[in-house]
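Enquirer: One file: coords.pdb (PDB, C-alpha atoms).
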```pdb
ATOM      1  CA  MET A   1       0.000   0.000   0.000
ATOM      2  CA  ARG A   2       1.405   3.408  -1.016
ATOM      3  CA  ILE A   3       0.444   6.252   1.324
ATOM      4  CA  ASP A   4       1.382   9.951   1.027
ATOM      5  CA  LEU A   5       0.166  11.938   4.043
ATOM      6  CA  HIS A   6       1.227  15.432   2.932
ATOM      7  CA  VAL A   7      -0.077  17.023  -0.293
ATOM      8  CA  HIS A   8      -1.361  20.484  -1.228
ATOM      9  CA  SER A   9      -3.917  21.754  -3.728
ATOM     10  CA  THR A  10      -4.854  25.100  -5.264
ATOM     11  CA  GLU A  11      -6.910  25.788  -2.139
ATOM     12  CA  SER A  12      -3.610  26.850  -0.575
ATOM     13  CA  ASP A  13      -0.309  26.939  -2.464
ATOM     14  CA  GLY A  14      -0.365  23.911  -4.758
ATOM     15  CA  THR A  15      -0.901  24.061  -8.517
ATOM     16  CA  GLU A  16      -3.463  21.245  -8.867
ATOM     17  CA  THR A  17      -7.091  21.330  -7.805
ATOM     18  CA  PRO A  18      -8.287  18.675  -5.346
ATOM     19  CA  THR A  19      -9.814  16.813  -8.302
ATOM     20  CA  GLU A  20      -6.559  16.952 -10.237
ATOM     21  CA  LEU A  21      -4.679  15.741  -7.162
ATOM     22  CA  VAL A  22      -6.850  12.641  -6.979
ATOM     23  CA  ARG A  23      -6.221  11.928 -10.663
ATOM     24  CA  THR A  24      -2.488  12.484 -10.229
ATOM     25  CA  ALA A  25      -2.359  10.196  -7.192
ATOM     26  CA  VAL A  26      -4.327   7.433  -8.911
ATOM     27  CA  ASP A  27      -2.149   7.684 -12.033
ATOM     28  CA  ALA A  28       0.957   7.462  -9.819
ATOM     29  CA  GLY A  29      -0.306   4.226  -8.277
ATOM     30  CA  LEU A  30      -1.036   5.603  -4.816
ATOM     31  CA  ASP A  31      -3.650   4.089  -2.535
ATOM     32  CA  VAL A  32      -3.990   6.904   0.017
ATOM     33  CA  ILE A  33      -3.208  10.614   0.149
ATOM     34  CA  ALA A  34      -3.865  13.225   2.813
ATOM     35  CA  LEU A  35      -5.059  16.639   1.646
ATOM     36  CA  THR A  36      -3.219  19.059   3.935
ATOM     37  CA  ASP A  37      -3.718  22.558   2.565
ATOM     38  CA  HIS A  38      -2.430  25.449   4.643
ATOM     39  CA  ASP A  39      -4.908  26.742   7.211
ATOM     40  CA  THR A  40      -8.014  25.693   5.283
ATOM     41  CA  THR A  41     -10.391  22.782   4.773
ATOM     42  CA  ALA A  42     -11.924  24.339   1.657
ATOM     43  CA  GLY A  43     -10.813  21.433  -0.546
ATOM     44  CA  TRP A  44     -12.446  18.678   1.493
ATOM     45  CA  ALA A  45     -15.811  18.695  -0.307
ATOM     46  CA  GLU A  46     -14.260  18.689  -3.773
ATOM     47  CA  VAL A  47     -11.817  15.913  -2.938
ATOM     48  CA  GLU A  48     -14.688  13.757  -1.675
ATOM     49  CA  ARG A  49     -16.505  14.192  -4.975
ATOM     50  CA  ALA A  50     -13.298  13.471  -6.857
ATOM     51  CA  VAL A  51     -12.755  10.199  -4.999
ATOM     52  CA  ARG A  52     -16.230   9.042  -6.041
ATOM     53  CA  GLU A  53     -15.720  10.077  -9.660
ATOM     54  CA  HIS A  54     -12.030   9.409 -10.307
ATOM     55  CA  GLY A  55     -10.723   7.110  -7.583
ATOM     56  CA  HIS A  56     -10.625   3.352  -7.774
ATOM     57  CA  ARG A  57     -12.342   1.018  -5.335
ATOM     58  CA  SER A  58      -9.538   0.996  -2.750
ATOM     59  CA  PHE A  59      -8.372   4.621  -3.136
ATOM     60  CA  ARG A  60      -8.832   6.821  -0.061
ATOM     61  CA  VAL A  61      -8.172  10.385   1.084
ATOM     62  CA  VAL A  62      -7.413  11.498   4.636
ATOM     63  CA  PRO A  63      -8.858  14.996   5.132
ATOM     64  CA  GLY A  64      -6.488  17.297   6.947
ATOM     65  CA  ALA A  65      -4.721  20.648   7.026
ATOM     66  CA  GLU A  66      -1.278  22.095   7.691
ATOM     67  CA  LEU A  67      -1.269  24.745  10.405
ATOM     68  CA  SER A  68       1.402  27.426  10.765
ATOM     69  CA  CYS A  69       2.427  27.801  14.406
ATOM     70  CA  SER A  70       4.961  29.555  16.593
ATOM     71  CA  SER A  71       7.111  27.576  19.000
ATOM     72  CA  ALA A  72      10.069  27.853  21.297
ATOM     73  CA  ASP A  73      13.077  26.431  19.485
ATOM     74  CA  GLY A  74      14.714  24.936  22.578
ATOM     75  CA  ARG A  75      17.740  27.212  22.273
ATOM     76  CA  GLY A  76      16.334  30.325  23.914
ATOM     77  CA  GLY A  77      14.579  31.641  20.818
ATOM     78  CA  SER A  78      11.434  30.983  18.809
ATOM     79  CA  THR A  79      10.653  29.651  15.358
ATOM     80  CA  THR A  80       7.831  28.744  13.005
ATOM     81  CA  VAL A  81       6.709  25.127  13.000
ATOM     82  CA  HIS A  82       4.055  23.395  10.940
ATOM     83  CA  LEU A  83       1.475  21.001  12.317
ATOM     84  CA  LEU A  84      -0.199  18.421  10.127
ATOM     85  CA  ALA A  85      -3.710  17.940  11.491
ATOM     86  CA  TYR A  86      -5.740  14.920  10.446
ATOM     87  CA  LEU A  87      -9.387  13.864  10.677
ATOM     88  CA  PHE A  88     -10.617  16.707  12.883
ATOM     89  CA  ASP A  89     -14.081  18.263  12.894
ATOM     90  CA  PRO A  90     -13.861  21.166  10.407
ATOM     91  CA  ALA A  91     -16.848  22.851  12.073
ATOM     92  CA  SER A  92     -15.141  23.191  15.470
ATOM     93  CA  ARG A  93     -15.819  26.797  16.455
ATOM     94  CA  ALA A  94     -12.430  27.617  17.948
ATOM     95  CA  LEU A  95     -10.649  26.074  15.003
ATOM     96  CA  VAL A  96     -12.820  27.832  12.417
ATOM     97  CA  GLU A  97     -12.207  31.205  14.043
ATOM     98  CA  GLU A  98      -8.453  30.664  14.146
ATOM     99  CA  GLN A  99      -8.311  29.503  10.534
ATOM    100  CA  VAL A 100     -10.297  32.562   9.428
ATOM    101  CA  ARG A 101      -7.778  34.769  11.236
ATOM    102  CA  LEU A 102      -4.829  32.969   9.695
ATOM    103  CA  ARG A 103      -6.246  33.075   6.157
ATOM    104  CA  SER A 104      -7.000  36.769   6.477
ATOM    105  CA  GLU A 105      -3.491  37.490   7.688
ATOM    106  CA  ARG A 106      -1.912  35.350   4.951
ATOM    107  CA  ARG A 107      -3.918  37.107   2.231
ATOM    108  CA  GLY A 108      -3.099  40.537   3.639
ATOM    109  CA  ARG A 109       0.569  39.658   3.864
ATOM    110  CA  LEU A 110       0.620  38.376   0.277
ATOM    111  CA  GLU A 111      -1.016  41.557  -1.005
ATOM    112  CA  GLN A 112       1.428  43.792   0.897
ATOM    113  CA  MET A 113       4.405  41.910  -0.511
ATOM    114  CA  ALA A 114       2.991  42.084  -4.038
ATOM    115  CA  ARG A 115       2.334  45.831  -3.789
ATOM    116  CA  ARG A 116       5.831  46.480  -2.492
ATOM    117  CA  MET A 117       7.328  44.575  -5.418
ATOM    118  CA  ALA A 118       5.067  46.310  -7.939
ATOM    119  CA  ALA A 119       6.037  49.701  -6.519
ATOM    120  CA  ASP A 120       9.681  48.757  -7.028
ATOM    121  CA  GLY A 121       9.092  47.964 -10.686
ATOM    122  CA  PHE A 122       8.661  44.201 -10.668
ATOM    123  CA  PRO A 123       6.182  42.767 -13.237
ATOM    124  CA  VAL A 124       3.548  41.969 -10.623
ATOM    125  CA  ASP A 125      -0.162  42.861 -10.761
ATOM    126  CA  PRO A 126      -1.306  42.838  -7.103
ATOM    127  CA  ASP A 127      -5.006  43.211  -7.927
ATOM    128  CA  GLY A 128      -4.906  40.444 -10.511
ATOM    129  CA  LEU A 129      -2.906  38.204  -8.195
ATOM    130  CA  MET A 130      -5.414  38.525  -5.377
ATOM    131  CA  ALA A 131      -8.455  38.215  -7.647
ATOM    132  CA  ALA A 132      -7.141  34.910  -9.001
ATOM    133  CA  LEU A 133      -7.065  33.260  -5.560
ATOM    134  CA  PRO A 134      -9.932  30.903  -4.670
ATOM    135  CA  PRO A 135     -12.294  32.670  -2.208
ATOM    136  CA  ASP A 136     -11.304  30.571   0.815
ATOM    137  CA  SER A 137      -7.647  30.201  -0.066
ATOM    138  CA  PRO A 138      -5.149  31.862   2.277
ATOM    139  CA  GLY A 139      -2.790  32.462  -0.607
ATOM    140  CA  GLY A 140       0.915  32.413  -0.022
ATOM    141  CA  ARG A 141       4.356  33.347  -1.235
ATOM    142  CA  PRO A 142       4.348  30.641  -3.954
ATOM    143  CA  HIS A 143       1.578  32.572  -5.739
ATOM    144  CA  LEU A 144       3.800  35.650  -5.841
ATOM    145  CA  ALA A 145       6.783  33.521  -6.830
ATOM    146  CA  ARG A 146       4.857  32.133  -9.811
ATOM    147  CA  ALA A 147       4.000  35.691 -10.863
ATOM    148  CA  LEU A 148       7.711  36.496 -10.877
ATOM    149  CA  VAL A 149       8.400  33.421 -12.992
ATOM    150  CA  GLU A 150       5.648  34.370 -15.441
ATOM    151  CA  GLY A 151       6.986  37.929 -15.600
ATOM    152  CA  GLY A 152      10.483  36.719 -16.437
ATOM    153  CA  THR A 153      12.146  38.035 -13.285
ATOM    154  CA  VAL A 154      13.272  34.559 -12.224
ATOM    155  CA  GLU A 155      13.325  31.153 -13.844
ATOM    156  CA  THR A 156      11.902  29.097 -10.975
ATOM    157  CA  VAL A 157       9.814  29.403  -7.812
ATOM    158  CA  THR A 158      12.865  28.329  -5.822
ATOM    159  CA  GLU A 159      14.913  31.189  -7.271
ATOM    160  CA  ALA A 160      12.146  33.648  -6.344
ATOM    161  CA  PHE A 161      12.327  32.493  -2.733
ATOM    162  CA  ASP A 162      16.110  32.499  -2.648
ATOM    163  CA  ARG A 163      16.419  36.026  -4.050
ATOM    164  CA  TYR A 164      13.310  37.865  -2.845
ATOM    165  CA  LEU A 165      10.677  36.052  -0.788
ATOM    166  CA  GLY A 166      12.432  33.731   1.644
ATOM    167  CA  THR A 167      12.777  34.494   5.351
ATOM    168  CA  GLY A 168      15.049  37.501   5.666
ATOM    169  CA  GLY A 169      14.706  38.332   1.968
ATOM    170  CA  PRO A 170      14.159  41.924   0.795
ATOM    171  CA  TYR A 171      10.400  41.467   0.311
ATOM    172  CA  TYR A 172       9.684  39.007   3.112
ATOM    173  CA  LEU A 173       7.077  40.051   5.693
ATOM    174  CA  PRO A 174       6.529  38.182   8.981
ATOM    175  CA  ARG A 175       3.179  36.856  10.183
ATOM    176  CA  THR A 176       1.548  36.081  13.526
ATOM    177  CA  ASP A 177       1.149  32.329  13.849
ATOM    178  CA  THR A 178      -0.866  30.270  16.336
ATOM    179  CA  PRO A 179       1.080  29.145  19.407
ATOM    180  CA  VAL A 180       1.772  25.477  18.759
ATOM    181  CA  GLU A 181       0.405  24.343  22.121
ATOM    182  CA  LYS A 182      -2.899  26.108  21.391
ATOM    183  CA  ALA A 183      -3.089  24.510  17.942
ATOM    184  CA  ILE A 184      -2.519  21.026  19.358
ATOM    185  CA  GLU A 185      -5.249  21.583  21.928
ATOM    186  CA  MET A 186      -7.728  22.881  19.325
ATOM    187  CA  ILE A 187      -7.191  19.937  16.991
ATOM    188  CA  THR A 188      -7.391  17.436  19.849
ATOM    189  CA  GLU A 189     -10.636  18.986  21.089
ATOM    190  CA  ALA A 190     -11.956  18.799  17.505
ATOM    191  CA  GLY A 191     -11.380  15.028  17.504
ATOM    192  CA  GLY A 192      -8.237  15.072  15.385
ATOM    193  CA  VAL A 193      -4.583  14.139  15.615
ATOM    194  CA  THR A 194      -1.554  16.417  15.214
ATOM    195  CA  VAL A 195       1.803  15.512  13.673
ATOM    196  CA  LEU A 196       4.824  17.824  13.645
ATOM    197  CA  ALA A 197       5.748  18.379   9.996
ATOM    198  CA  HIS A 198       9.407  18.136   8.840
ATOM    199  CA  PRO A 199      10.711  18.988  12.342
ATOM    200  CA  PHE A 200      14.420  18.534  11.578
ATOM    201  CA  ALA A 201      14.439  20.173   8.128
ATOM    202  CA  ALA A 202      17.376  22.492   8.765
ATOM    203  CA  SER A 203      17.376  23.709   5.152
ATOM    204  CA  ARG A 204      14.131  25.548   5.932
ATOM    205  CA  GLY A 205      15.637  27.566   8.775
ATOM    206  CA  THR A 206      15.700  27.194  12.549
ATOM    207  CA  THR A 207      14.432  23.837  13.811
ATOM    208  CA  VAL A 208      13.198  22.755  17.215
ATOM    209  CA  THR A 209      15.208  20.498  19.496
ATOM    210  CA  ALA A 210      14.280  16.998  20.601
ATOM    211  CA  GLU A 211      13.462  18.464  24.014
ATOM    212  CA  VAL A 212      10.802  20.723  22.474
ATOM    213  CA  ILE A 213       9.244  17.760  20.679
ATOM    214  CA  ALA A 214       9.105  15.892  23.993
ATOM    215  CA  GLU A 215       7.366  18.867  25.606
ATOM    216  CA  LEU A 216       4.853  19.029  22.752
ATOM    217  CA  ALA A 217       4.167  15.319  23.166
ATOM    218  CA  GLY A 218       3.196  16.170  26.733
ATOM    219  CA  HIS A 219       0.707  18.696  25.314
ATOM    220  CA  GLY A 220      -0.920  16.052  23.112
ATOM    221  CA  LEU A 221       1.214  15.952  19.951
ATOM    222  CA  ARG A 222       0.657  12.481  18.478
ATOM    223  CA  GLY A 223       3.314  12.104  15.808
ATOM    224  CA  VAL A 224       6.322  13.355  13.864
ATOM    225  CA  GLU A 225       6.775  13.430  10.100
ATOM    226  CA  VAL A 226       9.948  11.437   9.544
ATOM    227  CA  ASP A 227       9.989  10.619   5.838
ATOM    228  CA  HIS A 228      10.045  14.041   4.152
ATOM    229  CA  PRO A 229      12.073  15.370   1.171
ATOM    230  CA  ASP A 230      13.924  17.832   3.411
ATOM    231  CA  HIS A 231      15.112  15.172   5.866
ATOM    232  CA  GLY A 232      18.389  13.407   5.288
ATOM    233  CA  GLU A 233      19.200   9.941   6.582
ATOM    234  CA  ARG A 234      20.564  11.239   9.880
ATOM    235  CA  ALA A 235      17.465  13.350  10.591
ATOM    236  CA  ARG A 236      15.190  10.420   9.802
ATOM    237  CA  ARG A 237      17.165   8.103  12.049
ATOM    238  CA  GLU A 238      17.113  10.572  14.953
ATOM    239  CA  LEU A 239      13.388  11.207  14.574
ATOM    240  CA  ARG A 240      12.555   7.509  14.463
ATOM    241  CA  GLY A 241      14.462   6.981  17.686
ATOM    242  CA  LEU A 242      12.745   9.952  19.310
ATOM    243  CA  ALA A 243       9.320   8.761  18.177
ATOM    244  CA  SER A 244       9.994   5.335  19.631
ATOM    245  CA  GLU A 245      11.114   6.843  22.926
ATOM    246  CA  LEU A 246       8.059   9.108  23.176
ATOM    247  CA  GLY A 247       5.481   6.712  21.749
ATOM    248  CA  LEU A 248       4.728   8.972  18.770
ATOM    249  CA  LEU A 249       3.384   8.028  15.363
ATOM    250  CA  VAL A 250       5.942   7.969  12.545
ATOM    251  CA  THR A 251       4.444   9.464   9.375
ATOM    252  CA  GLY A 252       5.699  10.559   5.983
ATOM    253  CA  GLY A 253       4.704  12.445   2.883
ATOM    254  CA  SER A 254       6.040  14.160  -0.193
ATOM    255  CA  ASP A 255       4.831  17.697   0.634
ATOM    256  CA  TYR A 256       3.653  17.738  -2.983
ATOM    257  CA  HIS A 257       2.817  21.179  -4.409
ATOM    258  CA  GLY A 258       2.453  20.336  -8.101
ATOM    259  CA  THR A 259       4.796  22.369 -10.276
ATOM    260  CA  ASN A 260       5.704  24.708  -7.401
ATOM    261  CA  LYS A 261       8.220  22.104  -6.264
ATOM    262  CA  SER A 262      10.194  19.451  -8.103
ATOM    263  CA  ILE A 263       9.249  16.657  -5.709
ATOM    264  CA  GLU A 264       6.876  13.997  -7.079
ATOM    265  CA  ILE A 265       3.714  12.865  -5.349
ATOM    266  CA  GLY A 266       4.245   9.611  -3.504
ATOM    267  CA  SER A 267       8.030   9.988  -3.427
ATOM    268  CA  ARG A 268       7.843   9.875   0.381
ATOM    269  CA  GLY A 269       5.262   8.015   2.407
ATOM    270  CA  ALA A 270       3.956   6.319   5.530
ATOM    271  CA  ASP A 271       3.416   2.741   6.650
ATOM    272  CA  PRO A 272      -0.110   1.232   6.473
ATOM    273  CA  GLU A 273      -0.244   0.811  10.264
ATOM    274  CA  VAL A 274      -0.171   4.621  10.615
ATOM    275  CA  LEU A 275      -3.426   4.844   8.689
ATOM    276  CA  ASP A 276      -5.011   2.277  10.994
ATOM    277  CA  ARG A 277      -3.923   4.216  14.073
ATOM    278  CA  LEU A 278      -5.200   7.511  12.687
ATOM    279  CA  ASN A 279      -8.527   5.906  11.929
ATOM    280  CA  ALA A 280      -8.725   4.445  15.424
ATOM    281  CA  GLU A 281      -7.699   7.591  17.303
ATOM    282  CA  CYS A 282      -9.675  10.253  15.429
ATOM    283  CA  ALA A 283     -13.328  11.066  15.983
ATOM    284  CA  GLY A 284     -13.706  14.421  14.253
ATOM    285  CA  SER A 285     -14.131  13.222  10.648
ATOM    286  CA  LYS A 286     -13.715  10.086   8.550
ATOM    287  CA  ILE A 287     -11.362   8.861   5.878
ATOM    288  CA  ILE A 288     -12.901   9.424   2.446
ATOM    289  CA  GLY A 289     -13.325   6.395   0.218
TER
END
```
Translate this file's structure into structure tokens.

Expert:
Amino acid sequence: MRIDLHVHSTESDGTETPTELVRTAVDAGLDVIALTDHDTTAGWAEVERAVREHGHRSFRVVPGAELSCSSADGRGGSTTVHLLAYLFDPASRALVEEQVRLRSERRGRLEQMARRMAADGFPVDPDGLMAALPPDSPGGRPHLARALVEGGTVETVTEAFDRYLGTGGPYYLPRTDTPVEKAIEMITEAGGVTVLAHPFAASRGTTVTAEVIAELAGHGLRGVEVDHPDHGERARRELRGLASELGLLVTGGSDYHGTNKSIEIGSRGADPEVLDRLNAECAGSKIIG
């Protein structure tokens, strides 16, 4: 069984619709994917229809989301971490209110960055960029990066981040994320399970220490994403040992974003037993298919 528990659609910063994701996953020979768009569940209804229309008999989708959070880094500072949340109740009031806040802030941040670049002469149309976003999409820096590619400023999305949009870049703007402990509590109360995404991906910036992960496990964190494109062999080995010590789920996924990244869907994955444990532990929503 091939399982990819980390994929994104056009409802956040991917380039394929939920329907196209299902087709892509089926064509790639996958059995299960998790739809984990940033700070939104807007793609859940479409992906359910797509499974009925385009999936095969055994194909399933785990509804989820990826939440941006702030955390202590374990070294006296703070950093951004991402939580993968699975099978929670999307109608949970506290969660809905927080996701609305996050989407509003993400959209406002994207527009500010686009207007700053346009004012400096870059071939960016801020109004057109924002109008093209799906209504419930938070938007994100990859949308602006694609505009720079289309305008000929850079050749790739990666180059746009490296030169202009990455943390500390000339057009980067910070955001106010949810405290990670609060996010874990909200998802748990909504019947879901939280997994710390790519926790040792040093190429992304500051990471948290093993001690922070242990503290988060005490707050209800249920797993760590071990098999991820940004984890080398050493990081994976350390995380597996830590997960075993703390009794955490070991998950994996490609972090597929369509053409925004070069990684292929299904190139990283999780073991079938993880799916069984998610199904057993979650009460907020059900696996689709």

Enquirer: Of the candidates A:Ala25, A:Ala217, A:Leu148, A:Leu133, which one gets nearest to Glu11 (chain A) if we count all atoms listed in the file?

Expert: A:Leu133

Enquirer: So which residues get picked by the PyMOL selection byres ((chain A and resi 288) around 7) here, written as a VMD selection string?

Expert: chain A and resid 48 60 to 62 286 to 287 289

Enquirer: Nearest to Arg49 (chain A): which of A:Glu20, A:Met117, A:Gly29, A:Leu67 is it, counting all atoms listed in the file?

Expert: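 Looking at the shortest contact to Arg49 (chain A), the residue is A:Glu20.
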
Enquirer: Determine, counting all atoms listed in the file, every residue of protein, DNA or RNA that lies within 12 Å of (3.1, 41.8, -12.5) in the file coordinates, then give the result as a count of residues only.

Expert: 28

Enquirer: Sort by chain and increasing residue number a table of all residues of region 205-274 of chain A within 12 Å of region 86-91 of chain A, each with its closest pair of atoms and their distance in Å to one decimal, counting all atoms listed in the file, and write it as a Markdown table.

Expert:
```
| residue | atom | partner | partner_atom | distance |
| --- | --- | --- | --- | --- |
| A:Leu221 | CA | A:Tyr86 | CA | 11.8 |
| A:Arg222 | CA | A:Tyr86 | CA | 10.6 |
| A:Gly223 | CA | A:Tyr86 | CA | 10.9 |
| A:Thr251 | CA | A:Tyr86 | CA | 11.6 |
| A:Val274 | CA | A:Tyr86 | CA | 11.7 |
```

Enquirer: The PyMOL selection byres ((chain A and resi 177) around 12) - which residues does that actually catch in the file I just gave you? List them as a ChimeraX atom specification.

Expert: /A:39,67-71,78-83,98-99,101-106,174-176,178-183

Enquirer: Report the residues retrieved by the PyMOL selection byres ((chain A and resi 140) around 7) from the displayed file, expressed as a list in words.

Expert: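 Applied to this file, the PyMOL selection byres ((chain A and resi 140) around 7) selects Asp13, Arg106, Leu110, Pro138, Gly139, Arg141, Pro142 and His143 of chain A.
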
Enquirer: Closest to Val250 (chain A) among A:Gly168, A:Gly269, A:Gly192, A:Gly220, using all atoms listed in the file?

Expert: A:Gly269

Enquirer: Which one is closest to Leu248 (chain A): A:His231, A:Arg277, A:His38, A:Arg107? Count only C-alpha atoms.

Expert: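 Comparing A:His231, A:Arg277, A:His38, A:Arg107 against Leu248 (chain A), the winner is A:Arg277.
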
Enquirer: Give me the residues near region 226-229 of chain A as a list in words, where near means some atom within 6 Å (using all atoms listed in the file) and where sequence neighbours in that chain fewer than 2 positions away do not count.

Expert: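 Listed by chain and then number, they are Val224, His231, Arg236, Thr251, Gly252, Gly253, Ser254 and Arg268 of chain A.
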
Enquirer: How would the residues just picked look written out with C-alpha atoms as a PDB file, in the frame of the given file?

Expert:
```pdb
ATOM      1  CA  VAL A 224       6.322  13.355  13.864  1.00  0.00           C
ATOM      2  CA  HIS A 231      15.112  15.172   5.866  1.00  0.00           C
ATOM      3  CA  ARG A 236      15.190  10.420   9.802  1.00  0.00           C
ATOM      4  CA  THR A 251       4.444   9.464   9.375  1.00  0.00           C
ATOM      5  CA  GLY A 252       5.699  10.559   5.983  1.00  0.00           C
ATOM      6  CA  GLY A 253       4.704  12.445   2.883  1.00  0.00           C
ATOM      7  CA  SER A 254       6.040  14.160  -0.193  1.00  0.00           C
ATOM      8  CA  ARG A 268       7.843   9.875   0.381  1.00  0.00           C
TER       9      ARG A 268
END
```

Enquirer: Could you give me, as a list in words, the residues within 8 Å of Asp73 (chain A), counting all atoms listed in the file and dropping anything in the same chain fewer than 5 positions from it?

Expert: Ser78, Thr79, Thr206, Thr207, Val208, Thr209 and Val212 of chain A

Enquirer: For a quick check of understanding, using only C-alpha atoms, which of A:Glu215, A:Asp27, A:Glu66, A:Glu46 has the smallest distance to His6 (chain A)?

Expert: A:Glu66
